[in-house]
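Below: query_22.tsv (TSV, C-alpha atoms and all ligand atoms)
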chain	number	residue	atom	x	y	z
A	1	MET	CA	-2.00	-1.77	31.00
A	2	ARG	CA	-4.23	1.05	29.75
A	3	ILE	CA	-4.17	3.24	26.63
A	4	THR	CA	-3.34	6.87	27.45
A	5	GLY	CA	-3.74	8.44	24.01
A	6	VAL	CA	-3.47	8.46	20.22
A	7	ARG	CA	-0.85	10.88	18.87
A	8	PRO	CA	-0.70	11.69	15.12
A	9	TRP	CA	2.78	12.61	13.83
A	10	LEU	CA	2.67	14.49	10.51
A	11	VAL	CA	6.31	14.89	9.51
A	12	LYS	CA	8.23	16.33	6.59
A	13	ALA	CA	10.44	13.81	4.78
A	14	THR	CA	12.26	13.92	1.46
A	15	SER	CA	11.83	10.17	0.96
A	16	SER	CA	8.03	10.57	0.68
A	17	TYR	CA	6.45	11.05	-2.73
A	18	TRP	CA	4.09	13.45	-1.02
A	19	GLY	CA	6.79	15.29	0.97
A	20	GLU	CA	5.39	14.06	4.28
A	21	TYR	CA	4.34	10.99	6.27
A	22	LEU	CA	1.52	10.60	8.75
A	23	PHE	CA	2.56	8.24	11.53
A	24	VAL	CA	0.49	7.41	14.62
A	25	GLU	CA	1.70	6.62	18.13
A	26	VAL	CA	-0.57	4.90	20.65
A	27	THR	CA	0.75	5.44	24.19
A	28	THR	CA	0.11	3.44	27.36
A	29	ASP	CA	0.45	3.98	31.10
A	30	GLU	CA	3.32	1.48	31.29
A	31	GLY	CA	5.66	3.39	28.99
A	32	ILE	CA	5.28	1.07	25.99
A	33	SER	CA	3.99	2.75	22.87
A	34	GLY	CA	3.03	1.30	19.50
A	35	TRP	CA	3.46	2.79	16.03
A	36	GLY	CA	1.13	2.87	13.06
A	37	GLU	CA	1.00	4.74	9.77
A	38	ILE	CA	-1.78	6.27	7.73
A	39	THR	CA	-0.02	8.40	5.09
A	40	SER	CA	-2.43	9.45	2.36
A	41	THR	CA	-1.75	10.86	-1.10
A	42	THR	CA	-2.69	14.52	-0.66
A	43	LYS	CA	-1.87	17.16	1.95
A	44	ILE	CA	-5.56	17.88	2.59
A	45	ALA	CA	-6.25	14.18	3.26
A	46	ASN	CA	-3.33	13.91	5.71
A	47	ARG	CA	-4.56	16.92	7.69
A	48	ALA	CA	-8.14	15.64	7.76
A	49	LEU	CA	-6.94	12.24	9.01
A	50	ALA	CA	-4.79	13.86	11.73
A	51	ALA	CA	-7.85	15.79	12.94
A	52	ILE	CA	-9.99	12.63	13.13
A	53	LEU	CA	-7.23	10.79	15.01
A	54	LYS	CA	-7.17	13.53	17.67
A	55	GLN	CA	-10.93	13.10	18.09
A	56	VAL	CA	-10.86	9.30	18.37
A	57	SER	CA	-8.12	9.38	21.01
A	58	GLY	CA	-10.73	9.92	23.72
A	59	GLN	CA	-12.72	6.94	22.44
A	60	ILE	CA	-10.05	4.46	23.52
A	61	GLU	CA	-8.23	6.19	26.39
A	62	GLY	CA	-8.42	3.93	29.45
A	63	GLU	CA	-8.99	0.78	27.34
A	64	ASP	CA	-6.89	-2.39	27.55
A	65	PRO	CA	-4.64	-2.33	24.41
A	66	SER	CA	-4.59	-6.13	24.20
A	67	ARG	CA	-8.27	-6.22	23.16
A	68	ILE	CA	-7.43	-5.39	19.55
A	69	GLU	CA	-10.45	-6.96	17.85
A	70	ARG	CA	-12.86	-5.33	20.28
A	71	LEU	CA	-11.26	-1.89	19.85
A	72	TRP	CA	-11.32	-2.30	16.03
A	73	HIS	CA	-15.09	-2.71	16.14
A	74	LYS	CA	-15.62	0.03	18.72
A	75	LEU	CA	-13.81	2.56	16.52
A	76	PHE	CA	-15.20	1.30	13.18
A	77	ARG	CA	-18.80	1.28	14.37
A	78	SER	CA	-18.56	4.82	15.74
A	79	PHE	CA	-18.51	6.04	12.11
A	80	THR	CA	-21.36	3.87	10.78
A	81	TYR	CA	-23.70	6.71	9.82
A	82	MET	CA	-20.92	8.95	8.51
A	83	GLY	CA	-19.71	6.15	6.25
A	84	SER	CA	-17.30	3.63	7.70
A	85	ARG	CA	-15.04	3.29	4.63
A	86	GLY	CA	-12.44	5.86	3.61
A	87	ALA	CA	-11.11	8.19	6.33
A	88	ALA	CA	-12.81	6.41	9.22
A	89	CYS	CA	-11.43	3.03	8.19
A	90	GLU	CA	-7.97	4.51	7.65
A	91	CYS	CA	-7.88	5.89	11.19
A	92	VAL	CA	-8.90	2.45	12.49
A	93	SER	CA	-6.04	0.98	10.41
A	94	ALA	CA	-3.38	3.19	11.97
A	95	ILE	CA	-4.50	2.47	15.52
A	96	ASP	CA	-4.87	-1.27	14.83
A	97	ILE	CA	-1.28	-1.48	13.53
A	98	ALA	CA	-0.03	0.35	16.64
A	99	LEU	CA	-1.99	-1.99	18.95
A	100	TRP	CA	-0.39	-5.06	17.32
A	101	ASP	CA	3.01	-3.39	17.79
A	102	ILE	CA	2.23	-2.89	21.51
A	103	ARG	CA	1.00	-6.50	21.86
A	104	GLY	CA	4.19	-7.87	20.33
A	105	LYS	CA	6.37	-5.71	22.56
A	106	VAL	CA	4.45	-6.80	25.69
A	107	LEU	CA	4.76	-10.51	24.79
A	108	GLY	CA	8.32	-10.20	23.45
A	109	LEU	CA	7.39	-11.61	20.03
A	110	PRO	CA	7.34	-10.30	16.44
A	111	VAL	CA	3.80	-9.57	15.23
A	112	TYR	CA	3.94	-12.45	12.70
A	113	GLU	CA	4.33	-14.91	15.59
A	114	LEU	CA	0.98	-13.69	16.93
A	115	LEU	CA	-0.77	-14.19	13.57
A	116	GLY	CA	-0.11	-17.91	13.15
A	117	GLY	CA	3.66	-17.98	12.70
A	118	SER	CA	5.76	-17.77	9.56
A	119	VAL	CA	5.10	-19.81	6.43
A	120	ARG	CA	8.16	-18.30	4.68
A	121	ASP	CA	11.57	-16.92	5.57
A	122	GLU	CA	11.47	-13.67	3.63
A	123	ILE	CA	9.05	-11.47	1.74
A	124	SER	CA	9.28	-11.28	-2.07
A	125	LEU	CA	8.98	-7.72	-3.31
A	126	TYR	CA	8.02	-5.79	-6.36
A	127	THR	CA	9.29	-2.26	-6.64
A	128	HIS	CA	9.27	0.94	-8.68
A	129	PRO	CA	11.67	2.80	-10.91
A	130	ASP	CA	11.96	6.52	-10.13
A	131	GLN	CA	10.01	7.84	-13.12
A	132	SER	CA	11.16	11.41	-12.50
A	133	LYS	CA	14.51	10.18	-13.89
A	134	PHE	CA	12.91	9.08	-17.19
A	135	THR	CA	14.21	12.07	-19.18
A	136	SER	CA	15.58	10.01	-22.12
A	137	ASP	CA	15.70	6.41	-23.34
A	138	ALA	CA	19.26	6.14	-21.98
A	139	ALA	CA	18.05	7.31	-18.55
A	140	VAL	CA	15.26	4.72	-18.57
A	141	VAL	CA	17.74	1.97	-19.44
A	142	ALA	CA	20.11	3.10	-16.65
A	143	GLU	CA	17.38	3.13	-13.98
A	144	ILE	CA	15.93	-0.26	-14.98
A	145	THR	CA	19.41	-1.79	-15.20
A	146	ASP	CA	20.19	-0.60	-11.65
A	147	ILE	CA	16.98	-2.16	-10.32
A	148	VAL	CA	17.63	-5.51	-12.00
A	149	LYS	CA	21.23	-5.47	-10.69
A	150	SER	CA	19.89	-4.89	-7.16
A	151	GLY	CA	18.23	-8.32	-7.35
A	152	HIS	CA	14.60	-7.24	-7.72
A	153	THR	CA	12.67	-9.52	-10.06
A	154	ALA	CA	9.42	-7.55	-10.46
A	155	LEU	CA	8.73	-3.88	-11.08
A	156	LYS	CA	5.76	-1.64	-11.56
A	157	PHE	CA	5.28	1.68	-13.30
A	158	ASP	CA	2.65	3.90	-14.85
A	159	PRO	CA	3.62	4.38	-18.51
A	160	PHE	CA	0.90	6.86	-19.40
A	161	PRO	CA	2.19	10.37	-20.10
A	162	TYR	CA	0.84	12.65	-17.44
A	163	GLN	CA	3.94	13.04	-15.24
A	164	GLY	CA	4.03	16.54	-13.82
A	165	ASP	CA	0.33	17.12	-14.52
A	166	ARG	CA	-1.23	16.52	-11.12
A	167	GLU	CA	-4.77	17.14	-12.26
A	168	ARG	CA	-4.60	14.40	-14.88
A	169	ARG	CA	-2.64	12.15	-12.59
A	170	ASP	CA	-4.98	12.28	-9.62
A	171	GLY	CA	-8.35	13.04	-11.13
A	172	TYR	CA	-10.72	11.28	-13.47
A	173	LEU	CA	-12.05	13.80	-15.95
A	174	ASP	CA	-13.00	12.25	-19.29
A	175	GLY	CA	-11.14	8.96	-18.80
A	176	MET	CA	-9.58	9.04	-22.27
A	177	LEU	CA	-6.05	9.00	-23.66
A	178	SER	CA	-4.91	10.18	-27.10
A	179	ARG	CA	-3.43	7.77	-29.66
A	180	ALA	CA	-0.16	9.71	-29.45
A	181	ASP	CA	0.06	9.21	-25.67
A	182	GLU	CA	-0.93	5.56	-26.08
A	183	ARG	CA	2.03	5.14	-28.48
A	184	LYS	CA	4.40	6.74	-25.93
A	185	ALA	CA	3.14	4.34	-23.24
A	186	ALA	CA	3.65	1.35	-25.53
A	187	ASP	CA	7.17	2.48	-26.48
A	188	LEU	CA	8.16	2.97	-22.81
A	189	THR	CA	6.76	-0.43	-21.85
A	190	ALA	CA	8.60	-2.11	-24.73
A	191	LEU	CA	11.87	-0.40	-23.76
A	192	ILE	CA	11.52	-1.47	-20.12
A	193	ARG	CA	10.67	-5.06	-21.10
A	194	GLN	CA	13.66	-5.18	-23.43
A	195	THR	CA	15.99	-3.77	-20.74
A	196	ALA	CA	14.70	-5.88	-17.86
A	197	GLY	CA	14.68	-9.11	-19.85
A	198	PRO	CA	12.05	-11.82	-20.20
A	199	GLN	CA	12.27	-13.15	-16.61
A	200	VAL	CA	11.43	-9.94	-14.78
A	201	GLU	CA	7.75	-9.44	-14.01
A	202	ILE	CA	6.36	-6.18	-15.33
A	203	LEU	CA	3.28	-4.71	-13.67
A	204	ILE	CA	1.37	-1.77	-15.15
A	205	ASP	CA	-0.53	0.71	-12.96
A	206	ALA	CA	-3.35	2.60	-14.69
A	207	HIS	CA	-4.25	4.41	-11.43
A	208	GLY	CA	-8.00	4.00	-12.02
A	209	ARG	CA	-8.04	6.77	-14.58
A	210	PHE	CA	-9.73	5.39	-17.72
A	211	ASP	CA	-13.21	4.77	-19.05
A	212	VAL	CA	-14.17	1.30	-20.23
A	213	PRO	CA	-13.27	1.50	-23.96
A	214	THR	CA	-10.01	3.36	-23.26
A	215	ALA	CA	-8.94	0.87	-20.58
A	216	ILE	CA	-9.61	-2.08	-22.90
A	217	ARG	CA	-7.69	-0.45	-25.76
A	218	LEU	CA	-4.69	0.49	-23.59
A	219	CYS	CA	-4.46	-2.89	-21.92
A	220	ARG	CA	-4.46	-4.69	-25.29
A	221	THR	CA	-1.80	-2.32	-26.65
A	222	LEU	CA	0.49	-2.88	-23.66
A	223	GLU	CA	-0.03	-6.66	-23.74
A	224	GLU	CA	1.40	-6.55	-27.23
A	225	ALA	CA	4.20	-4.11	-26.38
A	226	GLY	CA	5.72	-5.80	-23.36
A	227	GLN	CA	4.23	-9.10	-22.10
A	228	ILE	CA	2.78	-7.40	-19.06
A	229	ASP	CA	2.17	-9.46	-15.92
A	230	TRP	CA	-0.70	-7.40	-14.52
A	231	PHE	CA	-2.84	-4.39	-15.39
A	232	GLU	CA	-3.78	-2.53	-12.21
A	233	GLU	CA	-6.91	-0.44	-11.58
A	234	PRO	CA	-7.94	-0.11	-15.24
A	235	VAL	CA	-11.03	1.92	-14.31
A	236	PRO	CA	-11.97	4.12	-11.31
A	237	PRO	CA	-12.78	2.14	-8.15
A	238	GLU	CA	-16.46	3.13	-7.89
A	239	SER	CA	-17.86	0.78	-10.53
A	240	TYR	CA	-17.46	-3.00	-10.39
A	241	GLY	CA	-19.58	-3.13	-13.57
A	242	ALA	CA	-16.94	-1.17	-15.47
A	243	LEU	CA	-14.23	-3.48	-14.13
A	244	GLN	CA	-16.20	-6.51	-15.28
A	245	GLN	CA	-16.57	-5.08	-18.81
A	246	VAL	CA	-12.80	-4.54	-19.05
A	247	ARG	CA	-12.03	-7.94	-17.61
A	248	GLU	CA	-14.17	-9.72	-20.18
A	249	LYS	CA	-12.24	-8.14	-23.08
A	250	VAL	CA	-8.55	-8.28	-22.07
A	251	ASN	CA	-6.08	-11.10	-21.54
A	252	ALA	CA	-3.76	-9.51	-18.95
A	253	ALA	CA	-4.17	-10.39	-15.29
A	254	ILE	CA	-6.14	-7.73	-13.42
A	255	SER	CA	-5.15	-6.39	-9.99
A	256	VAL	CA	-7.32	-4.11	-7.84
A	257	GLY	CA	-7.89	-3.18	-4.22
A	258	GLU	CA	-5.67	-0.34	-2.97
A	259	ARG	CA	-8.84	1.80	-2.66
A	260	ALA	CA	-11.01	-0.99	-1.21
A	261	HIS	CA	-11.64	-0.82	2.51
A	262	THR	CA	-12.37	-3.81	4.74
A	263	LYS	CA	-13.20	-7.43	3.89
A	264	TRP	CA	-16.67	-6.36	2.80
A	265	ASP	CA	-15.31	-4.39	-0.19
A	266	PHE	CA	-13.40	-7.50	-1.32
A	267	VAL	CA	-16.38	-9.88	-1.19
A	268	PRO	CA	-17.90	-8.73	-4.54
A	269	ILE	CA	-14.44	-8.60	-6.18
A	270	LEU	CA	-13.88	-12.24	-5.26
A	271	GLU	CA	-17.43	-13.50	-5.75
A	272	GLN	CA	-17.77	-11.86	-9.17
A	273	LYS	CA	-14.24	-13.01	-10.19
A	274	LEU	CA	-13.20	-9.45	-11.03
A	275	ALA	CA	-9.47	-9.77	-10.27
A	276	ASP	CA	-6.56	-12.21	-10.56
A	277	TYR	CA	-4.74	-10.45	-7.71
A	278	ILE	CA	-5.98	-8.29	-4.85
A	279	MET	CA	-3.80	-5.51	-3.44
A	280	PRO	CA	-5.18	-4.01	-0.21
A	281	ASP	CA	-3.15	-1.34	1.59
A	282	VAL	CA	-2.65	-2.28	5.25
A	283	THR	CA	-2.71	1.37	6.33
A	284	TRP	CA	-6.02	2.06	4.58
A	285	THR	CA	-8.04	-1.16	4.45
A	286	GLY	CA	-8.36	-1.76	8.20
A	287	GLY	CA	-4.90	-2.52	9.54
A	288	ILE	CA	-3.22	-5.80	10.39
A	289	THR	CA	-6.43	-7.33	11.75
A	290	GLU	CA	-8.35	-6.69	8.52
A	291	MET	CA	-5.44	-7.54	6.19
A	292	LYS	CA	-5.22	-11.01	7.72
A	293	LYS	CA	-8.97	-11.54	7.28
A	294	ILE	CA	-8.90	-10.34	3.65
A	295	ALA	CA	-6.00	-12.72	2.95
A	296	ILE	CA	-8.00	-15.63	4.36
A	297	LEU	CA	-11.04	-14.63	2.32
A	298	ALA	CA	-8.91	-14.59	-0.86
A	299	GLU	CA	-7.30	-17.92	0.09
A	300	GLY	CA	-10.75	-19.47	-0.19
A	301	TYR	CA	-10.80	-18.43	-3.86
A	302	TYR	CA	-7.11	-19.25	-4.56
A	303	VAL	CA	-6.53	-15.58	-5.34
A	304	PRO	CA	-3.10	-14.25	-4.33
A	305	ILE	CA	-2.74	-11.12	-2.20
A	306	SER	CA	-0.13	-8.44	-2.82
A	307	PRO	CA	-0.11	-5.57	-0.28
A	308	HIS	CA	0.01	-2.05	-1.71
A	309	ASP	CA	2.49	0.61	-0.56
A	310	ALA	CA	2.57	4.31	-1.36
A	311	GLY	CA	3.66	5.32	2.15
A	312	GLY	CA	6.56	4.89	4.49
A	313	PRO	CA	8.37	2.16	6.42
A	314	ILE	CA	5.54	1.21	8.78
A	315	ASN	CA	3.29	0.48	5.80
A	316	VAL	CA	5.97	-1.87	4.42
A	317	LEU	CA	6.61	-3.57	7.78
A	318	ALA	CA	2.95	-4.00	8.76
A	319	GLY	CA	2.12	-5.59	5.39
A	320	ALA	CA	5.21	-7.79	5.62
A	321	HIS	CA	4.35	-9.14	9.08
A	322	VAL	CA	0.92	-10.29	7.84
A	323	MET	CA	2.38	-11.79	4.66
A	324	MET	CA	4.89	-13.84	6.67
A	325	THR	CA	1.85	-15.85	7.82
A	326	VAL	CA	-0.20	-16.01	4.59
A	327	PRO	CA	0.04	-18.94	2.14
A	328	ASN	CA	-1.63	-17.15	-0.84
A	329	PHE	CA	0.94	-14.35	-1.03
A	330	TYR	CA	2.33	-12.97	-4.33
A	331	ARG	CA	4.62	-10.03	-3.58
A	332	LEU	CA	4.74	-6.97	-1.32
A	333	GLU	CA	5.08	-3.55	-2.95
A	334	THR	CA	7.82	-1.13	-1.99
A	335	SER	CA	7.22	2.27	-3.55
A	336	ARG	CA	10.98	2.71	-4.03
A	337	TRP	CA	13.74	0.15	-4.55
A	338	ASP	CA	16.40	1.96	-2.52
A	339	LEU	CA	14.99	2.04	1.02
A	340	SER	CA	17.87	4.04	2.54
A	341	GLY	CA	15.70	7.20	2.44
A	342	TYR	CA	13.83	5.75	5.44
A	343	ASN	CA	16.97	5.78	7.58
A	344	GLU	CA	16.44	9.35	8.82
A	345	LEU	CA	13.01	8.37	10.20
A	346	MET	CA	14.07	5.45	12.34
A	347	HIS	CA	17.02	3.72	13.95
A	348	THR	CA	15.95	0.41	12.37
A	349	ARG	CA	17.40	-0.55	8.97
A	350	LEU	CA	15.26	-2.42	6.41
A	351	ASP	CA	17.07	-5.19	4.53
A	352	ASN	CA	15.67	-5.62	0.98
A	353	SER	CA	18.81	-7.12	-0.53
A	354	SER	CA	18.18	-9.47	-3.49
A	355	GLY	CA	14.68	-8.05	-3.86
A	356	ALA	CA	13.30	-9.65	-0.69
A	357	LEU	CA	12.55	-8.13	2.72
A	358	LYS	CA	14.00	-9.91	5.77
A	359	LEU	CA	12.19	-9.36	9.05
A	360	PRO	CA	14.42	-9.49	12.13
A	361	ARG	CA	13.14	-11.37	15.20
A	362	ILE	CA	12.40	-8.20	17.15
A	363	PRO	CA	9.24	-7.82	19.27
A	364	GLY	CA	6.28	-6.00	17.72
A	365	LEU	CA	6.77	-4.56	14.23
A	366	GLY	CA	10.51	-4.45	14.93
A	367	ILE	CA	10.83	-0.73	14.40
A	368	GLU	CA	12.42	1.98	16.53
A	369	MET	CA	11.42	5.46	15.37
A	370	ASN	CA	13.90	8.34	15.50
A	371	ARG	CA	12.03	10.63	17.86
A	372	ASP	CA	14.57	13.45	17.44
A	373	TYR	CA	13.88	13.50	13.69
A	374	LEU	CA	10.12	13.37	14.17
A	375	GLU	CA	10.15	16.25	16.66
A	376	ALA	CA	12.42	18.41	14.49
A	377	ASN	CA	10.32	17.86	11.36
A	378	GLU	CA	6.80	17.77	12.71
A	379	ILE	CA	4.18	19.77	10.80
A	380	LYS	CA	1.77	21.25	13.31
A	381	THR	CA	-1.91	20.78	12.48
A	382	ALA	CA	-5.04	22.26	14.02
B	401	MG	MG	-1.80	1.61	-7.81

Will you turn the file into structure tokens for me?
Amino acid sequence: MRITGVRPWLVKATSSYWGEYLFVEVTTDEGISGWGEITSTTKIANRALAAILKQVSGQIEGEDPSRIERLWHKLFRSFTYMGSRGAACECVSAIDIALWDIRGKVLGLPVYELLGGSVRDEISLYTHPDQSKFTSDAAVVAEITDIVKSGHTALKFDPFPYQGDRERRDGYLDGMLSRADERKAADLTALIRQTAGPQVEILIDAHGRFDVPTAIRLCRTLEEAGQIDWFEEPVPPESYGALQQVREKVNAAISVGERAHTKWDFVPILEQKLADYIMPDVTWTGGITEMKKIAILAEGYYVPISPHDAGGPINVLAGAHVMMTVPNFYRLETSRWDLSGYNELMHTRLDNSSGALKLPRIPGLGIEMNRDYLEANEIKTA
């Protein structure tokens, strides 16, 4: 069997926070194709990634798709002087996931059977409320009540008031937050804790947006407001020194890693004891191959891993297949608690009843994409 090409699929979808998903299909000369995903958080990033994927297609055409580790290194090393993290690593991730999907389909086994076999029967999840519905206290209570009723036992949100202000949401400018906005964040966290009850785990995402003194102040305020179970990305990802300063002055568990690429980015986090949890994204950090290695690295430190998700169904499934085989697993993120929005994209149905994902024993990732939908909603790129 030989690889015949790498095909990016940028498609419109209402279930995406970003209005679109970037999927990747790796085709072979025997009619079997594998699927990956690489959805990023801005339109410009998705188009840049699609362009790189078209270029790397020629790099692996004619190769044997079963040589996954070898192809990972061939692609990764071709970007060494450009910088192998970021976009380059994300393209490797998408292709790697698709190659594992092909391998499973060829052998007739789910991907988790190829990674050491299952150590658990289902995947515990944490999920998100839809914060666009948070128009009043009553609306917050209704949304949180629905999530708890659905059986989910952990949820994550960003309580800091910037919703609707993309520049403040996505960009670090001064890294500060006013006392008035801090109060609003504390009140929202307290309301959600009160509604969810003491047993539900509450995770706070700071989206890497604060400077050191602001992050310390906000974390302490939220610890008091709502018994928070983790404080995620308190400072921007570029400085491990800043993270260390915050860590030394707060009590809450720290989680980082959605913007860390490859095992090498996680070595200093683990060696310098900078996090209680790590949260790589399988579609960004280097795919299934790299996610498994990062999990093993963290296992050596007794640090739990909790895969990140801000994308679509292949992100969720690829992370889940690795976590089926990993002892030091906390929870897998799903960026929404009602997964029915994915149904238009694929013929497969994801079962997250009772707040846990069940993987069917289907070869590969166990996903069948809806090609009619993809073709009808494709966004053409240069
Ligand atoms: Mg996050």

Within 8 Å of ligand MG 401 (chain B): each chain A residue with its shortest pair, all atoms listed in the file, as CSV:
residue,atom,partner,partner_atom,distance
A:Asp205,CA,B:MG401,MG,5.4
A:Ala206,CA,B:MG401,MG,7.1
A:His207,CA,B:MG401,MG,5.2
A:Gly208,CA,B:MG401,MG,7.9
A:Glu232,CA,B:MG401,MG,6.4
A:Glu233,CA,B:MG401,MG,6.7
A:Val256,CA,B:MG401,MG,7.9
A:Glu258,CA,B:MG401,MG,6.5
A:His308,CA,B:MG401,MG,7.3

Could you pull the residues within 12 Å of Ser40 (chain A), counting all atoms listed in the file, minus those fewer than 6 positions along the same chain, as a list of chain:residue names?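 In the requested form, the answer reads A:Leu10, A:Ser16, A:Tyr17, A:Trp18, A:Gly19, A:Glu20, A:Tyr21, A:Leu22, A:Phe23, A:Asn46, A:Arg47, A:Ala48, A:Leu49, A:Ala50, A:Gly86, A:Ala87, A:Glu90, A:Cys91, A:Ala94, A:Glu258, A:Arg259, A:Asp281, A:Thr283, A:Trp284, A:Asp309, A:Ala310, A:Gly311, A:Gly312, A:Asn315.
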
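Proximity to Ile32 (chain A) was assessed for A:Leu71, A:Ala320, A:Ala154, A:Leu107 counting all atoms listed in the file; the smallest distance is recorded for A:Leu107.
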
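Neighbouring residues of Asn377 (chain A) at 10 Å or closer, counting all atoms listed in the file and skipping chain neighbours under 3 positions away, are A:Trp9, A:Leu10, A:Val11, A:Lys12, A:Ala13, A:Glu20, A:Leu345, A:Arg371, A:Asp372, A:Tyr373, A:Leu374, A:Lys380.
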
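The gap separating CA of Arg120 (chain A) from CA of Leu270 (chain A) is 24.9 Å, in Å to one decimal.
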
Can you tell me, as a PDB file with C-alpha atoms, in the coordinates of the input, what residues are no more than 7 Å from Ile367 (chain A) when counting all atoms listed in the file, ignoring any on the same chain fewer than 2 positions away?
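Saved file part-v4.pdb follows:
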ATOM      1  CA  THR A 348      15.950   0.410  12.370  1.00  0.00           C
ATOM      2  CA  LEU A 365       6.770  -4.560  14.230  1.00  0.00           C
ATOM      3  CA  MET A 369      11.420   5.460  15.370  1.00  0.00           C
TER       4      MET A 369
END

Tell me which protein, DNA and RNA residues are within 12 Å of Val267 (chain A), counting all atoms listed in the file, leaving out same-chain ones fewer than 2 positions away, and put them as a PyMOL selection string. chain A and resi 240+257+260-265+269-275+278+293-298+300-301

Residues as selected, C-alpha atoms, written as a PDB file, keeping the file's coordinate frame, can you do that?
ATOM      1  CA  TYR A 240     -17.460  -3.000 -10.390  1.00  0.00           C
ATOM      2  CA  GLY A 257      -7.890  -3.180  -4.220  1.00  0.00           C
ATOM      3  CA  ALA A 260     -11.010  -0.990  -1.210  1.00  0.00           C
ATOM      4  CA  HIS A 261     -11.640  -0.820   2.510  1.00  0.00           C
ATOM      5  CA  THR A 262     -12.370  -3.810   4.740  1.00  0.00           C
ATOM      6  CA  LYS A 263     -13.200  -7.430   3.890  1.00  0.00           C
ATOM      7  CA  TRP A 264     -16.670  -6.360   2.800  1.00  0.00           C
ATOM      8  CA  ASP A 265     -15.310  -4.390  -0.190  1.00  0.00           C
ATOM      9  CA  ILE A 269     -14.440  -8.600  -6.180  1.00  0.00           C
ATOM     10  CA  LEU A 270     -13.880 -12.240  -5.260  1.00  0.00           C
ATOM     11  CA  GLU A 271     -17.430 -13.500  -5.750  1.00  0.00           C
ATOM     12  CA  GLN A 272     -17.770 -11.860  -9.170  1.00  0.00           C
ATOM     13  CA  LYS A 273     -14.240 -13.010 -10.190  1.00  0.00           C
ATOM     14  CA  LEU A 274     -13.200  -9.450 -11.030  1.00  0.00           C
ATOM     15  CA  ALA A 275      -9.470  -9.770 -10.270  1.00  0.00           C
ATOM     16  CA  ILE A 278      -5.980  -8.290  -4.850  1.00  0.00           C
ATOM     17  CA  LYS A 293      -8.970 -11.540   7.280  1.00  0.00           C
ATOM     18  CA  ILE A 294      -8.900 -10.340   3.650  1.00  0.00           C
ATOM     19  CA  ALA A 295      -6.000 -12.720   2.950  1.00  0.00           C
ATOM     20  CA  ILE A 296      -8.000 -15.630   4.360  1.00  0.00           C
ATOM     21  CA  LEU A 297     -11.040 -14.630   2.320  1.00  0.00           C
ATOM     22  CA  ALA A 298      -8.910 -14.590  -0.860  1.00  0.00           C
ATOM     23  CA  GLY A 300     -10.750 -19.470  -0.190  1.00  0.00           C
ATOM     24  CA  TYR A 301     -10.800 -18.430  -3.860  1.00  0.00           C
TER      25      TYR A 301
END
